[in-house]
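I have placed the structure first, in the form of structure tokens, so that the comments after it can refer back to it.
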Amino acid sequence: MAILSILRYPDPRLHTVAKPVAQVDERIQTLVKNMLETMYDAQGIGLAATQIDVHERVIVIDVSEERNEPLTLINPEIVWASEEKQLGEEGCLSVPGIYDGVERSTAVKVRALDENGQSRDIEAEGLLAICMQHEMDHLMGKVFVEYLSPLKRNRIKTKLLKQQKQAEKG
Ligand code: NI
């Protein structure tokens, strides 16, 4: 297993649209294992392959408190989303230290393959529903800060670029 490096906003690669996985084989299973290890290491609750610069439709999630309920979504599709929406505070491993409000459906039904290539439907609400929508946005090349006002987004961009420059200088 390996811990992979996570792309940081505003890296343009985060805007790549991911391709569907053709076959859930050993390569994908290794990818899933590495993504889970990377997510746990970074103390995140979700990670999309886009964030580690792999542009295939793969997501890992764990919203459990004990960090022992990993969920793998391959080629996920939203088959139903509630009309009812809710504003919740979100963060992202690709946008470190930034949290802001995003409006999402309070409940969704997602169809996806698991790590064995089995199709299943998952009905979710609350944090899991928000997390699934957030991660599926990543696969479409969308980062949560794009829901914020241009002014806020530019401030975030400037702040993160400055941090990245300082980190490079050491
Ligand atoms: Ni994210």
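Residue numbering restarts at 1 in every chain; chains get A, B, ... in the order shown in the structure tokens, and ligands count up from 1 in that same order.
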
Can you tell me which residues sit at most 6 Å away from ligand 1, counting only C-alpha atoms and all ligand atoms, written as a list in words?
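The residues near ligand 1 are Cys92, Leu93, Ser94 and Glu135 of chain A.
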
Prev. selection, C-alpha atoms, output as a PDB file, in the first residue's frame:
ATOM      1  CA  CYS A  92     -11.869  19.279   1.335  1.00  0.00           C
ATOM      2  CA  LEU A  93      -8.448  17.622   1.495  1.00  0.00           C
ATOM      3  CA  SER A  94      -7.589  19.562  -1.700  1.00  0.00           C
ATOM      4  CA  GLU A 135     -16.939  13.436  -3.996  1.00  0.00           C
TER       5      GLU A 135
END

I'd like the contact shell of Glu26 in chain A - 12 Å cut-off, only C-alpha atoms, skipping same-chain residues fewer than 3 positions apart - returned as a PyMOL selection string.
chain A and resi 23+29-33+115-117

Take the residues from that selection and write them out as a PDB file, in the first residue's frame, keeping N, CA, C and O atoms.
ATOM      1  N   GLN A  23     -13.266  -1.974 -16.059  1.00  0.00           N
ATOM      2  CA  GLN A  23     -13.278  -3.266 -15.390  1.00  0.00           C
ATOM      3  C   GLN A  23     -12.687  -3.141 -13.983  1.00  0.00           C
ATOM      4  O   GLN A  23     -11.625  -2.539 -13.811  1.00  0.00           O
ATOM      5  N   GLN A  29      -8.389  -2.400  -7.653  1.00  0.00           N
ATOM      6  CA  GLN A  29      -8.405  -2.775  -6.235  1.00  0.00           C
ATOM      7  C   GLN A  29      -7.197  -2.208  -5.495  1.00  0.00           C
ATOM      8  O   GLN A  29      -7.313  -1.776  -4.348  1.00  0.00           O
ATOM      9  N   THR A  30      -6.056  -2.183  -6.169  1.00  0.00           N
ATOM     10  CA  THR A  30      -4.862  -1.570  -5.572  1.00  0.00           C
ATOM     11  C   THR A  30      -5.060  -0.069  -5.421  1.00  0.00           C
ATOM     12  O   THR A  30      -4.715   0.514  -4.387  1.00  0.00           O
ATOM     13  N   LEU A  31      -5.653   0.540  -6.448  1.00  0.00           N
ATOM     14  CA  LEU A  31      -5.947   1.983  -6.390  1.00  0.00           C
ATOM     15  C   LEU A  31      -6.835   2.291  -5.179  1.00  0.00           C
ATOM     16  O   LEU A  31      -6.568   3.223  -4.414  1.00  0.00           O
ATOM     17  N   VAL A  32      -7.890   1.472  -5.000  1.00  0.00           N
ATOM     18  CA  VAL A  32      -8.831   1.667  -3.891  1.00  0.00           C
ATOM     19  C   VAL A  32      -8.097   1.563  -2.544  1.00  0.00           C
ATOM     20  O   VAL A  32      -8.270   2.403  -1.658  1.00  0.00           O
ATOM     21  N   LYS A  33      -7.242   0.548  -2.405  1.00  0.00           N
ATOM     22  CA  LYS A  33      -6.502   0.364  -1.145  1.00  0.00           C
ATOM     23  C   LYS A  33      -5.621   1.571  -0.849  1.00  0.00           C
ATOM     24  O   LYS A  33      -5.568   2.064   0.276  1.00  0.00           O
ATOM     25  N   GLU A 115     -15.829  -2.696  -4.534  1.00  0.00           N
ATOM     26  CA  GLU A 115     -14.452  -3.055  -4.905  1.00  0.00           C
ATOM     27  C   GLU A 115     -14.364  -4.443  -5.545  1.00  0.00           C
ATOM     28  O   GLU A 115     -13.334  -4.826  -6.078  1.00  0.00           O
ATOM     29  N   ASN A 116     -15.485  -5.203  -5.490  1.00  0.00           N
ATOM     30  CA  ASN A 116     -15.520  -6.507  -6.163  1.00  0.00           C
ATOM     31  C   ASN A 116     -16.281  -6.454  -7.484  1.00  0.00           C
ATOM     32  O   ASN A 116     -16.523  -7.497  -8.105  1.00  0.00           O
ATOM     33  N   GLY A 117     -16.682  -5.256  -7.863  1.00  0.00           N
ATOM     34  CA  GLY A 117     -17.385  -5.103  -9.139  1.00  0.00           C
ATOM     35  C   GLY A 117     -18.876  -5.389  -9.060  1.00  0.00           C
ATOM     36  O   GLY A 117     -19.556  -5.488 -10.083  1.00  0.00           O
TER      37      GLY A 117
END

If DSSP is run on the backbone, what residues of range 49-80 of chain A are helix (DSSP H, G or I)? A reply as a PyMOL selection string would be ideal.
chain A and resi 49-52

Those same residues - C-alpha atoms - I'd like them written as an mmCIF file, in the first residue's frame.
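Contents of selection02.cif, as written:
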data_model
loop_
_atom_site.group_PDB
_atom_site.id
_atom_site.type_symbol
_atom_site.label_atom_id
_atom_site.label_comp_id
_atom_site.auth_asym_id
_atom_site.auth_seq_id
_atom_site.Cartn_x
_atom_site.Cartn_y
_atom_site.Cartn_z
ATOM 1 C CA ALA A 49 -9.438 9.566 -7.570
ATOM 2 C CA THR A 50 -9.311 12.995 -9.255
ATOM 3 C CA GLN A 51 -7.635 14.356 -6.118
ATOM 4 C CA ILE A 52 -4.679 11.996 -6.513
#

Taking only residues of range 31-86 of chain A that have an atom at most 6 Å from an atom of range 17-22 of chain A, what is each one's shortest atom pair and its distance in Å to one decimal, using only C-alpha atoms, in chain and number order, as a Markdown table?
| residue | atom | partner | partner_atom | distance |
| --- | --- | --- | --- | --- |
| A:His55 | CA | A:Ala18 | CA | 4.2 |
| A:Glu56 | CA | A:Ala18 | CA | 4.5 |
| A:Arg57 | CA | A:Pro20 | CA | 5.1 |
| A:Asn75 | CA | A:Pro20 | CA | 5.6 |

Please provide as a PyMOL selection string all residues within 12 Å of Ile6 in chain A, with the sequence filter that same-chain residues fewer than 3 positions apart are discarded (counting only C-alpha atoms).
chain A and resi 3+9+11+13-14+34-35+38-39+41-42+44+47-54+92-96

Could you list, as a short mmCIF file (atom, residue, chain, number, x, y, z; two decimals) with C-alpha atoms, in the first residue's frame, every residue within 12 Å of Pro10 in chain A, counting only C-alpha atoms and ignoring same-chain residues fewer than 6 positions away?
data_model
loop_
_atom_site.label_atom_id
_atom_site.label_comp_id
_atom_site.auth_asym_id
_atom_site.auth_seq_id
_atom_site.Cartn_x
_atom_site.Cartn_y
_atom_site.Cartn_z
CA GLN A 51 -7.64 14.36 -6.12
CA SER A 94 -7.59 19.56 -1.70
CA VAL A 95 -8.53 22.88 -0.06
CA PRO A 96 -6.81 22.59 3.33
CA GLY A 141 -13.89 18.27 -12.14
CA LYS A 142 -15.72 20.41 -9.62
CA VAL A 143 -14.30 21.57 -6.28
CA PHE A 144 -16.71 22.80 -3.54
CA VAL A 145 -15.28 26.33 -3.56
CA GLU A 146 -16.86 26.74 -7.00
CA ARG A 153 -13.17 31.91 -4.30
CA ASN A 154 -10.48 34.38 -5.33
CA ARG A 155 -9.55 35.03 -1.72
CA ILE A 156 -9.19 31.27 -1.15
CA LYS A 157 -7.12 30.90 -4.31
CA THR A 158 -4.75 33.69 -3.28
CA LYS A 159 -4.41 32.32 0.25
CA LEU A 160 -3.65 28.77 -0.91
CA LEU A 161 -1.17 29.88 -3.59
CA LYS A 162 0.67 31.94 -0.98
CA GLN A 163 0.80 28.93 1.38
CA GLN A 164 2.07 26.70 -1.41
#
